[in-house]
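Colleague: Sending over a structure as structure tokens; questions will come in a sec.
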Amino acid sequence: MTRVFILAGPPASGKGTQCEKLVEQYGFVHISTGDLLRAQQKTNPSLAEYMNSGALVPDEMVISVVAERLGRADVATKGALLDGFPRTLAQAQELATKVKVTSFISLEVADEVVVARISGRRSDPETGKVYHMQFKPPPAEIVDRLITRGDDTEEKIKVRLGNFHKNNSSLQTFYASKLCQVECGADSTPEGVYERVQAEVERLQSKM
Ligand code: AP5
């Protein structure tokens, strides 16, 4: 059976950071809707409008991007890590028609922690790697080329957090039988969070 893990949580809760570690250890196919949609912005400028304002992209657009990626052969053999999808009940219901979800791992991070993480986040346009100026400092020689994402501003994070809170409880209810909540306080390191995420993956891998 195909393994499909969902990594959920508010913006900048560390979904991408945890997925990077899981891919390295288990070889899952990482399906980040944020990354997939950013890659399509040049050919579909309306995506940039939604994303730069912090708004959610309409369900039908996101679903078609994810469905295409899920349909490729590597997902069946390696399993998939869904990062940032589903974000609405309609997306979850649509996903249920395509695959059986193994676990919905929710990173529970308070709003004020999210804001601190966003303000220090930087991305490397050459490698795609994500750093944090305080919590995951980049090597000195690449600092000058790092960029800050256009939606990582105080104003847009309010919109993104609002979207998250509007949808989160209905998603957690939908996935109640597969829900694994990982509490991540302000002092949770990426490694400490990973120990708990990995324990959930191991628990379910041993059953499959
Ligand atoms: P997306 O790119 O998915 O943005 P997001 O959900 O806001 O999440 P982020 O990528 O910002 O953060 P993350 O949780 O991966 O955290 P990270 O690991 O980087 O989506 C962007 C936009 O695309 C959306 O706003 C929407 O418009 C659209 N979109 C995407 N999916 C959609 C969908 N399904 N439906 C509709 N629209 C959709 O970590 C953050 C920072 O903290 C980093 O600097 C990292 O180094 C640091 N860090 C991580 N963990 C820790 C830790 N434990 N302690 C300290 N620092 C840490």
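Ordering of the structure tokens sets the chain letters (A, B, ...); residue numbers start at 1 within each chain; ligands are numbered from 1 in the order shown.
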Give the residue list for ligand 1 at 7 Å, counting only C-alpha atoms and all ligand atoms, as a PyMOL selection string, sorted by chain and then by residue number.
Modeller: chain A and resi 9-18+32-35+37+50-51+54-59+62+83-88+117-118+120-122+130-132+135-136+160+184+187-190+193
Colleague: Would you export the selected residues with N, CA and C atoms as a compact mmCIF listing (two decimals), in the first residue's frame, please?
Modeller:
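See result.txt below for the written result:
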```
# COMPACT_ATOMS: atom_id res chain seq x y z
N GLY A 9 0.50 22.20 9.66
CA GLY A 9 0.87 23.16 10.70
C GLY A 9 0.77 24.56 10.14
N PRO A 10 0.82 25.56 11.02
CA PRO A 10 0.73 26.94 10.54
C PRO A 10 1.92 27.32 9.65
N PRO A 11 1.82 28.46 8.98
CA PRO A 11 2.95 28.92 8.17
C PRO A 11 4.21 29.00 9.03
N ALA A 12 5.33 28.59 8.46
CA ALA A 12 6.63 28.63 9.15
C ALA A 12 6.68 27.82 10.43
N SER A 13 5.86 26.77 10.51
CA SER A 13 5.89 25.91 11.70
C SER A 13 7.03 24.90 11.61
N GLY A 14 7.64 24.79 10.42
CA GLY A 14 8.75 23.85 10.27
C GLY A 14 8.40 22.64 9.42
N LYS A 15 7.33 22.74 8.65
CA LYS A 15 6.92 21.60 7.80
C LYS A 15 8.05 21.23 6.82
N GLY A 16 8.55 22.23 6.12
CA GLY A 16 9.61 21.97 5.12
C GLY A 16 10.87 21.44 5.78
N THR A 17 11.20 21.98 6.94
CA THR A 17 12.41 21.55 7.67
C THR A 17 12.29 20.07 8.04
N GLN A 18 11.13 19.65 8.52
CA GLN A 18 10.94 18.25 8.90
C GLN A 18 10.91 17.35 7.67
N SER A 32 5.57 19.51 -1.94
CA SER A 32 5.28 20.77 -1.24
C SER A 32 4.44 21.63 -2.17
N THR A 33 3.19 21.91 -1.77
CA THR A 33 2.34 22.70 -2.68
C THR A 33 2.89 24.12 -2.82
N GLY A 34 3.47 24.66 -1.74
CA GLY A 34 4.07 26.00 -1.85
C GLY A 34 5.14 26.02 -2.93
N ASP A 35 6.05 25.03 -2.91
CA ASP A 35 7.13 24.98 -3.91
C ASP A 35 6.58 24.73 -5.32
N LEU A 37 3.63 25.43 -6.51
CA LEU A 37 2.90 26.61 -7.01
C LEU A 37 3.86 27.75 -7.33
N TYR A 50 -2.33 35.58 -5.79
CA TYR A 50 -2.85 34.95 -4.56
C TYR A 50 -1.73 34.81 -3.52
N MET A 51 -0.62 34.24 -3.96
CA MET A 51 0.42 33.87 -3.00
C MET A 51 1.11 35.10 -2.40
N GLY A 54 -0.75 36.51 0.43
CA GLY A 54 -0.92 35.63 1.59
C GLY A 54 -2.21 34.82 1.52
N ALA A 55 -3.00 35.03 0.45
CA ALA A 55 -4.28 34.30 0.32
C ALA A 55 -4.03 32.86 -0.11
N LEU A 56 -5.02 32.01 0.14
CA LEU A 56 -4.93 30.64 -0.36
C LEU A 56 -5.23 30.64 -1.85
N VAL A 57 -4.57 29.77 -2.58
CA VAL A 57 -4.85 29.56 -4.00
C VAL A 57 -6.16 28.76 -4.07
N PRO A 58 -7.04 29.05 -5.05
CA PRO A 58 -8.32 28.32 -5.10
C PRO A 58 -8.13 26.79 -5.15
N ASP A 59 -9.05 26.10 -4.47
CA ASP A 59 -8.93 24.65 -4.32
C ASP A 59 -8.67 23.92 -5.65
N VAL A 62 -5.04 24.09 -6.87
CA VAL A 62 -4.08 23.31 -6.06
C VAL A 62 -4.31 21.82 -6.27
N ASP A 83 3.32 18.25 1.97
CA ASP A 83 3.75 19.39 2.79
C ASP A 83 2.88 20.60 2.42
N GLY A 84 1.93 20.92 3.31
CA GLY A 84 1.06 22.08 3.03
C GLY A 84 -0.17 21.73 2.22
N PHE A 85 -0.51 20.49 2.13
CA PHE A 85 -1.72 20.03 1.44
C PHE A 85 -2.25 18.80 2.17
N PRO A 86 -3.55 18.71 2.43
CA PRO A 86 -4.60 19.68 2.14
C PRO A 86 -4.66 20.80 3.18
N ARG A 87 -5.17 21.96 2.76
CA ARG A 87 -5.33 23.10 3.68
C ARG A 87 -6.78 23.48 3.87
N THR A 88 -7.67 22.84 3.13
CA THR A 88 -9.10 23.11 3.32
C THR A 88 -9.81 21.75 3.34
N ARG A 117 9.87 32.94 13.74
CA ARG A 117 10.54 32.09 12.74
C ARG A 117 10.52 32.74 11.36
N ILE A 118 9.41 33.37 11.04
CA ILE A 118 9.30 33.98 9.71
C ILE A 118 10.26 35.13 9.55
N GLY A 120 13.16 35.57 10.63
CA GLY A 120 14.57 35.21 10.42
C GLY A 120 14.79 34.25 9.26
N ARG A 121 13.71 33.88 8.57
CA ARG A 121 13.88 32.87 7.50
C ARG A 121 14.55 33.47 6.26
N ARG A 122 15.47 32.74 5.69
CA ARG A 122 16.11 33.12 4.43
C ARG A 122 16.22 31.87 3.57
N VAL A 130 16.61 26.16 3.05
CA VAL A 130 16.01 27.20 3.89
C VAL A 130 16.80 27.29 5.20
N TYR A 131 17.14 28.53 5.58
CA TYR A 131 17.90 28.76 6.82
C TYR A 131 17.11 29.68 7.74
N HIS A 132 17.64 29.84 8.95
CA HIS A 132 17.11 30.85 9.87
C HIS A 132 18.32 31.58 10.46
N PHE A 135 18.22 30.45 14.30
CA PHE A 135 18.05 29.04 14.70
C PHE A 135 18.75 28.05 13.77
N LYS A 136 19.00 28.46 12.53
CA LYS A 136 19.73 27.56 11.60
C LYS A 136 20.59 28.46 10.70
N ARG A 160 -2.01 34.86 6.40
CA ARG A 160 -1.73 33.42 6.30
C ARG A 160 -2.16 32.68 7.58
N CYS A 184 5.15 21.82 19.62
CA CYS A 184 6.45 22.44 19.37
C CYS A 184 6.47 23.80 20.06
N ASP A 187 10.94 26.63 22.49
CA ASP A 187 12.30 26.09 22.65
C ASP A 187 12.49 24.72 21.98
N SER A 188 11.53 24.31 21.13
CA SER A 188 11.69 23.01 20.43
C SER A 188 12.68 23.17 19.28
N THR A 189 13.72 22.39 19.31
CA THR A 189 14.69 22.47 18.21
C THR A 189 14.17 21.61 17.04
N PRO A 190 14.66 21.87 15.81
CA PRO A 190 14.26 21.02 14.69
C PRO A 190 14.56 19.53 14.96
N VAL A 193 11.97 18.11 17.46
CA VAL A 193 10.69 17.89 16.78
C VAL A 193 10.81 16.63 15.91
```
Colleague: Once DSSP has gone over the backbone, tell me which residues of segment 7-167 of chain A are in alpha helix (DSSP H), as a PyMOL selection string.
Modeller: chain A and resi 15-26+33-39+45-53+59-70+73-78+89-96+111-120+154-167
Colleague: What's the separation between atom CA of Lys178 of chain A and atom CA of Leu22 of chain A, in Å to one decimal place?
Modeller: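 Between atom CA of Lys178 of chain A and atom CA of Leu22 of chain A the gap works out to 18.4 Å.
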Colleague: Check the DSSP output for the backbone and give back, as a ChimeraX atom specification, the residues of segment 67-126 of chain A in strand (DSSP E).
Modeller: /A:80-83,103-108,121-123
Colleague: Would you output that residue set with N, CA and C atoms, as a compact mmCIF listing (two decimals), in the first residue's frame?
Modeller:
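Below is the file that was written, selection-v7.txt:
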```txt
# COMPACT_ATOMS: atom_id res chain seq x y z
N ALA A 80 4.72 9.13 -0.26
CA ALA A 80 4.71 10.58 -0.43
C ALA A 80 4.59 11.31 0.90
N LEU A 81 5.20 12.49 0.90
CA LEU A 81 5.09 13.40 2.04
C LEU A 81 4.38 14.64 1.52
N LEU A 82 3.18 14.86 1.96
CA LEU A 82 2.44 16.05 1.51
C LEU A 82 2.72 17.19 2.48
N ASP A 83 3.32 18.25 1.97
CA ASP A 83 3.75 19.39 2.79
C ASP A 83 2.88 20.60 2.42
N SER A 103 -1.04 9.07 7.76
CA SER A 103 -1.04 9.83 9.02
C SER A 103 -1.08 11.32 8.72
N PHE A 104 -1.76 12.06 9.59
CA PHE A 104 -1.84 13.53 9.48
C PHE A 104 -1.04 14.06 10.67
N ILE A 105 0.20 14.44 10.40
CA ILE A 105 1.09 14.89 11.48
C ILE A 105 1.00 16.41 11.57
N SER A 106 0.52 16.88 12.71
CA SER A 106 0.26 18.31 12.86
C SER A 106 1.29 18.94 13.79
N LEU A 107 2.08 19.88 13.27
CA LEU A 107 3.05 20.60 14.11
C LEU A 107 2.30 21.72 14.81
N GLU A 108 2.21 21.62 16.13
CA GLU A 108 1.42 22.59 16.91
C GLU A 108 2.35 23.70 17.39
N ARG A 121 13.71 33.88 8.57
CA ARG A 121 13.88 32.87 7.50
C ARG A 121 14.55 33.47 6.26
N ARG A 122 15.47 32.74 5.69
CA ARG A 122 16.11 33.12 4.43
C ARG A 122 16.22 31.87 3.57
N SER A 123 16.08 32.05 2.22
CA SER A 123 16.21 30.90 1.30
C SER A 123 17.39 31.12 0.37
```
Colleague: Quick one, how far is atom CA of Glu191 of chain A from atom CA of Asp124 of chain A?
Modeller: 21.1 Å
